[in-house]
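Trainee: Mind looking over this structure? Questions follow.
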Amino acid sequence: MPTISIKGGKTIQLTVRTLFSSEIHKIEKYHNLWKPKLYNRINLVEIVEKSIISIALIDENDNDKIYAVAIFNYKPNRFPYSNKLLEQVGNDAEPKFTQLNSIWLNYYVSDPVCTKSPIAELLKALFTINYDVEYCVMDVLQERILTKSEIEQDDELNVIYKNFQPIHEMDTIEKESNTNQLTKHHFVFLVAVRNDFIPRLRIRSARVEDNDDLVPIFNKQTNILRKTYGEYFLAELIEAQDNTMKCIVAEVNGRAIAFMSISTEVSYDTVRDCCLFNTFYKNKEDVKQRKNNDANFDNFTDNVKNCVRKLDDANITEKDNTIHNNENNSIENHDNSNNDDIDIINNFDDVISNKENNETNIEIEKD
């Protein structure tokens, strides 16, 4: 938890939280103490509401007491339309400055009762919250290039230069709104790098010699492990590594500062007794039940597929039978049609024969 020393030798415990636009009146008195060359012509309400993140350091025991404020955004106040400004500022940086890994400090003030500027705590909070941010950039308006001694004599600039490193300078020409005259301004761009506030961790396999660095960390939290397994419980655990259990540490500047032991052998009963997994599969039986449900569902889908396949086969067979029956009916109709033709011919022959017989009878009567 961050702390700060104030005038009188008192140390205050601080907490970090978001600054709300309704609290701007609490920092206006600090704003008037900072020189306008840092933040001239700004609207505090506007930059707070449009900011990506606004961080405040407050008294742990008094939520209304604000000691420092920092406001961040993805673009600077003075150059809101310069899309390639980051490329110019961080041309030689590695990795390169981009909109994804960089953020601008657009505003910072602190209570003058602080004997040491808390800007470092604000930057540390920024990098902790935004894990993807590598650079914090800010611009400072200067009338000319200042020497190191001149910067040290300026309280505000001295605070900035202790935590930021100058990386780029640029001259601009602006038209004054009151006089319409062109005025030349000299800007200095400074950057704060994540590694200076939050050390980059190196993850590696644990070694027995890491015991001396790690034991104080464990003993500070609890003495149960030491009383249960002995003074060298950690060294014995590291030495017992095999294919089913591994130990890893996080290292900073050659010193182990964090430890993790991972095993593939899981006691489901212990996990069930010690942890609550109401929304997950709580134990091994649930996993088995899920597998059984999946198997039953697979069987059900297979049965449905078989039924559909049988229905398709039945429809095909019925269709073939229908076609065959239609062909037989057409043949029978054709045979009946031929029989009708034969009957008509026979009837015609009978008519002809009767006519001839009648004519013969008439001739006999005449004779």
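By order in the structure tokens, chains are A, B, ...; within a chain, residues start at 1; ligands start at 1, following the order shown.
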I'd like to know which residues of segment 103-235 of chain A are strand (DSSP E or B) (by DSSP, run on the backbone); could you write them as a ChimeraX atom specification?
Mentor: /A:103-110,114,135-142,165-175,182-193,202-205
Trainee: Do a neighbour search on Ile24 of chain A at 10 Å with only C-alpha atoms, toss out local chain neighbours closer than 6 positions, and write the hits as a ChimeraX atom specification.
Mentor: /A:44-45,48,69
Trainee: Keeping C-alpha atoms, export the residues of the selection given above as an mmCIF file, in the first residue's frame.
Mentor:
```cif
data_model
loop_
_atom_site.group_PDB
_atom_site.id
_atom_site.type_symbol
_atom_site.label_atom_id
_atom_site.label_comp_id
_atom_site.auth_asym_id
_atom_site.auth_seq_id
_atom_site.Cartn_x
_atom_site.Cartn_y
_atom_site.Cartn_z
ATOM 1 C CA LEU A 44 -10.623 20.235 -15.906
ATOM 2 C CA VAL A 45 -14.173 18.918 -16.220
ATOM 3 C CA VAL A 48 -11.669 14.237 -16.682
ATOM 4 C CA VAL A 69 -4.302 13.331 -9.186
#
```
Trainee: Between atom CA of Ser54 of chain A and atom CA of Thr11 of chain A, what distance in Å does the model show, to one decimal?
Mentor: 24.1 Å
Trainee: Hey, what's within 9 Å of Glu265 of chain A if we count only C-alpha atoms and toss same-chain stuff fewer than 2 positions away? As a ChimeraX atom specification, please?
Mentor: /A:244-245,263,267
Trainee: Write a file of the just-selected residues containing N, CA and C atoms, as a PDB file, in the first residue's frame.
Mentor:
```
ATOM      1  N   THR A 244       5.567 -35.420 -12.645  1.00  0.00           N
ATOM      2  CA  THR A 244       4.203 -35.072 -12.253  1.00  0.00           C
ATOM      3  C   THR A 244       4.125 -33.819 -11.393  1.00  0.00           C
ATOM      4  N   MET A 245       5.261 -33.284 -10.951  1.00  0.00           N
ATOM      5  CA  MET A 245       5.265 -32.097 -10.090  1.00  0.00           C
ATOM      6  C   MET A 245       6.437 -31.189 -10.459  1.00  0.00           C
ATOM      7  N   SER A 263       1.181 -29.636  -9.779  1.00  0.00           N
ATOM      8  CA  SER A 263       1.167 -31.096  -9.815  1.00  0.00           C
ATOM      9  C   SER A 263       0.017 -31.584 -10.683  1.00  0.00           C
ATOM     10  N   SER A 267      -6.248 -34.491  -5.910  1.00  0.00           N
ATOM     11  CA  SER A 267      -7.160 -35.175  -5.002  1.00  0.00           C
ATOM     12  C   SER A 267      -8.513 -34.484  -5.084  1.00  0.00           C
TER      13      SER A 267
END
```
Trainee: Go through A:Glu60, A:Asp196, A:Asp154, A:Asp171 one by one, measure the shortest atom-to-atom distance of each to Cys136 of chain A using only C-alpha atoms, and give the residue with the smallest value.
Mentor: A:Asp196
Trainee: Here is a test: counting only C-alpha atoms, which residue of A:Pro216, A:Pro2, A:Gly90, A:Gly230 is nearest to Glu134 of chain A?
Mentor: A:Gly90
Trainee: Would you please work out which residue, of A:Asn223, A:Thr228, A:Asn63, A:Ser261, is nearest to Ser205 of chain A when using only C-alpha atoms?
Mentor: A:Ser261
Trainee: Which residue, A:Ala206, A:Ile119, A:Asn195, A:Met138, has the smallest gap to Ala240 of chain A when you use only C-alpha atoms?
Mentor: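 For Ala240 of chain A, the nearest of the candidates is A:Ala206.
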Trainee: Compare A:Glu121, A:Glu231, A:Asp302, A:Asp213 by their minimum atom-to-atom distance to Val249 of chain A, counting only C-alpha atoms, and give me the closest one.
Mentor: A:Asp213
Trainee: Rounded to one decimal in Å, what is the spacing between atom CA of Arg272 of chain A and atom CA of Met260 of chain A?
Mentor: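 Pair atom CA of Arg272 of chain A / atom CA of Met260 of chain A returns 21.2 Å.
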Trainee: Using only C-alpha atoms, can you tell me which of A:Val188, A:Glu46, A:Ile6, A:Tyr107 comes closest to Ser22 of chain A?
Mentor: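 Result for the nearest residue to Ser22 of chain A: A:Glu46.
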Trainee: Which residues come within 10 Å of Val133 of chain A, counting only C-alpha atoms, excluding same-chain residues fewer than 5 positions away, as a ChimeraX atom specification?
Mentor: /A:98-103,126-128,193-194
Trainee: Store the residues picked out above, limited to C-alpha atoms, as a CSV table (one decimal), in the first residue's frame.
Mentor:
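What ended up in again.csv:
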```
chain,number,residue,atom,x,y,z
A,98,THR,CA,2.1,2.9,-30.7
A,99,GLN,CA,-1.5,3.7,-29.7
A,100,LEU,CA,-1.6,0.3,-28.2
A,101,ASN,CA,1.4,0.4,-25.8
A,102,SER,CA,1.5,4.2,-25.0
A,103,ILE,CA,-0.6,6.6,-23.0
A,126,LEU,CA,-1.2,3.2,-13.9
A,127,PHE,CA,1.2,0.5,-15.1
A,128,THR,CA,-0.4,-2.0,-12.6
A,193,VAL,CA,8.9,3.4,-18.9
A,194,ARG,CA,7.1,0.6,-17.2
```
Trainee: So which residues touch segment 148-150 of chain A within 12 Å, counting only C-alpha atoms, skipping near sequence neighbours fewer than 5 positions away, as a ChimeraX atom specification?
Mentor: /A:142,155-158,161-162,166
